[in-house]
Protein chains: 2
Amino acid sequence: MQQLLTHITNYAPLSNEAQHALQNCFEKITIAKHEFLLTQGQVCRYLYFLEKGALRGFYNLDGKEITHWFGFEKDFVTSFHSFITQEAAVENIQLLEGSILWAISKETLTQLFNQYHEIERLMRIAYEKYYIRLEERFVNAQFKTASERYENLLQQTPHIIERVPLGYIASYLGISQETLSRIRSKF
Amino acid sequence: MQQLLTHITNYAPLSNEAQHALQNCFEKITIAKHEFLLTQGQVCRYLYFLEKGALRGFYNLDGKEITHWFGFEKDFVTSFHSFITQEAAVENIQLLEGSILWAISKETLTQLFNQYHEIERLMRIAYEKYYIRLEERFVNAQFKTASERYENLLQQTPHIIERVPLGYIASYLGISQETLSRIRSKF
DNA sequence: TTTATTTTTTGACAATTGTCAAAAAGCAAA
DNA sequence: TTTGCTTTTTGACAATTGTCAAAAAATAAA
């Protein structure tokens with residue numbers, strides 16, 4: 001929990017009252033490897049902060065699993081589309097490692113927004129950061145070759161290589177596992 | 001200006017005071033076709049609301065222009081990365097048509113956030129919407145074929161086809177102009 | 001360790017998309 | 001209308017990446 005508070009007060013300062021309110025509203029969750037935090041068709045009611053562990057978001061397309069993001073320590077994770085719209089999720093969230101998370105429901109978070117302007121500000125800033133991050137991934141996906149995307153992964157997020165099976169990484173990079181294997185063999 | 005207020009109060013309700021404050025802080029801008037709203041290297045100090053017209057965002061890569069987004073009526077446009085971080089922009093924003101915009105500076109917007117919780121809420125909600133939109137584009141870019149991306153464009157944003165030269169659209173879809181031409185010839 | 005299962009690599013070939021050059025079509029200015 | 005410029009299309013060929021099948025390597029279970 002201290003990790004969570006430390007992390008978000010990096011975004012913006014928070015009064016003690018707001019910090020206490022947050023502390024009371026997050027619930028600790030421990031989940032084992034391979035378990036699911038969310039399965040497609042469910043509405044994602046929670047925003048999670050990942051204290052320890054790793055997980056992936058994936059959806060099914062033509063019978064194949066498409067892994068489109070990973071979460072690690074200090075990440076906020078959720079199915080953003082489902083959490084924001086409260087519609088059924090098209091994606092699944094599955095644990096890659098046994099993990100410790102802190103969860104807050106959408107209703108509770110909305111109440112906190114109403115009570116504390118500074119918490120809503122925090123969320124606005126968090127969205128800014130996540131927007132920029134996604135924009136970089138988008139440009140990468142759309143306008144770079146498979147090799148460039150892999151090299152980028154090595155430089156920007158090397159921890160992914162160390163903690164995630166190559167099959168998922170290939171999917172994440174938008175290439176086949178075979179192509180990834182060939183790229184790796186000649187770097 | 002009325003269009004702007006109508007649009008944003010669709011996101012969330014706004015008190016009369018906040019509406020008036022907003023009205024006073026946006027500045028009207030009229031720009032001709034082919035002119036630039038931003039060029040790479042500049043810091044983007046403004047967030048713009050596009051009342052009438054069309055524009056594109058592009059950056060240079062290996063001597064080529066990569067068009068990665070378009071803006072049309074009722075869009076908020078800016079170089080998000082530069083506007084958020086206040087670092088030099090890597091992208092250019094160029095008018096595709098003569099346009100009418102409303103501009104607000106980052107400093108002014110920040111002041112409004114401090115004065116009106118409801119305006120910061122509006123921004124939080126706007127980011128949510130823009131995040132979802134970008135996420136859809138990302139999934140499209142990374143995991144769909146060129147033809148699928150074009151069909152998607154036809155269905156989701158047909159106005160782009162009608163108002164933007166095919167060369168820019170090809171770039172936007174992440175394919176060569178020749179490939180786009182061939183895809184179109186057999187739809 | 002031995003066996004079973006999963007993950008990763010390799011080979012052969014096919015499909016997709018890109019590049020370069022030139023022609024055709026469209027548009028604007030004179 | 002004619003001329004010049006820009007945009008779009010077409011052809012030939014090359015490069016990239018995908019698919020399928022099988023082998024090899026790594027990991028987990030007995």
# chains A, B, ... in the order shown; residues from 1 in each chain; ligands from 1
$ interface_residues --of "chain A" --to "chain B" --cutoff "6 Å" --atoms "only C-alpha atoms" --output "MDAnalysis selection string"
chainID A and resid 81 117 124 131:132 138 141:143 174
$ interface_residues --of "chain B" --to "chain D" --cutoff "10 Å" --atoms "only C-alpha atoms (C1' of nucleotides)" --output "list in words"
Pro165, Leu166, Gly167, Gln177, Glu178, Ser181, Arg182 and Ser185 of chain B
$ write_last_selection --atoms "N, CA and C atoms" --output "short mmCIF file (atom, residue, chain, number, x, y, z; two decimals), in the first residue's frame"
data_model
loop_
_atom_site.label_atom_id
_atom_site.label_comp_id
_atom_site.auth_asym_id
_atom_site.auth_seq_id
_atom_site.Cartn_x
_atom_site.Cartn_y
_atom_site.Cartn_z
N PRO B 165 -6.56 13.49 -49.20
CA PRO B 165 -5.88 12.84 -50.33
C PRO B 165 -5.44 11.42 -49.97
N LEU B 166 -5.49 10.52 -50.95
CA LEU B 166 -5.20 9.11 -50.69
C LEU B 166 -3.77 8.87 -50.17
N GLY B 167 -2.86 9.71 -50.60
CA GLY B 167 -1.48 9.56 -50.13
C GLY B 167 -1.39 9.68 -48.61
N GLN B 177 1.16 3.98 -50.69
CA GLN B 177 0.08 4.50 -51.53
C GLN B 177 -0.32 3.49 -52.61
N GLU B 178 0.67 2.78 -53.13
CA GLU B 178 0.38 1.79 -54.17
C GLU B 178 -0.48 0.66 -53.64
N SER B 181 -3.98 1.82 -53.25
CA SER B 181 -4.64 1.91 -54.56
C SER B 181 -5.12 0.53 -55.01
N ARG B 182 -4.29 -0.48 -54.80
CA ARG B 182 -4.67 -1.85 -55.20
C ARG B 182 -5.81 -2.40 -54.35
N SER B 185 -9.00 -0.92 -55.59
CA SER B 185 -9.43 -1.34 -56.92
C SER B 185 -10.22 -2.64 -56.90
#
$ interface_residues --of "chain C" --to "chain A" --cutoff "10 Å" --atoms "only C-alpha atoms (C1' of nucleotides)" --output "ChimeraX atom specification"
/C:7-10
$ write_last_selection --atoms "C-alpha atoms (C1' of nucleotides)" --output "mmCIF file, in the first residue's frame"
data_model
loop_
_atom_site.group_PDB
_atom_site.id
_atom_site.type_symbol
_atom_site.label_atom_id
_atom_site.label_comp_id
_atom_site.auth_asym_id
_atom_site.auth_seq_id
_atom_site.Cartn_x
_atom_site.Cartn_y
_atom_site.Cartn_z
ATOM 1 C "C1'" DT C 7 8.073 -23.782 -25.570
ATOM 2 C "C1'" DT C 8 11.220 -22.485 -29.110
ATOM 3 C "C1'" DT C 9 13.610 -23.138 -33.406
ATOM 4 C "C1'" DT C 10 14.202 -24.484 -38.228
#
$ closest_residue --among "A:Ser79, A:Gln156, A:Thr108, A:Asn16" --to "Cys44 of chain A" --atoms "only C-alpha atoms"
A:Ser79
$ select_by_dssp --residues "chain B" --states "strand (DSSP E)" --output "MDAnalysis selection string"
chainID B and resid 27:31 36:38 46:52 55:61 64:71 76:77 92:95 99:105
$ select_by_dssp --residues "segment 22-158 of chain A" --states "alpha helix (DSSP H)" --output "PyMOL selection string"
chain A and resi 22-25+80-85+106-115+117-143+146-156+158
$ atom_distance --atom1 "atom CA of Phe76 of chain B" --atom2 "atom CA of Gln23 of chain B"
15.5 Å
$ closest_residue --among "A:Ser15, A:Thr30, A:Gln3, A:Ser99" --to "Ala54 of chain A" --atoms "only C-alpha atoms"
A:Ser99
$ residues_around --residues "Ile183 of chain B" --least-positions-apart "4" --cutoff "9 Å" --atoms "only C-alpha atoms (C1' of nucleotides)" --output "PDB file with C-alpha atoms, in the first residue's frame"
ATOM      1  CA  ALA B 146      -3.982  -3.689 -44.655  1.00  0.00           C
ATOM      2  CA  SER B 147      -7.336  -4.560 -46.254  1.00  0.00           C
ATOM      3  CA  TYR B 150      -9.043   0.058 -44.955  1.00  0.00           C
ATOM      4  CA  GLU B 178       0.384   1.790 -54.172  1.00  0.00           C
ATOM      5  CA  THR B 179      -0.954  -0.894 -51.864  1.00  0.00           C
ATOM      6  CA  PHE B 187     -13.261  -3.821 -52.881  1.00  0.00           C
TER       7      PHE B 187
END
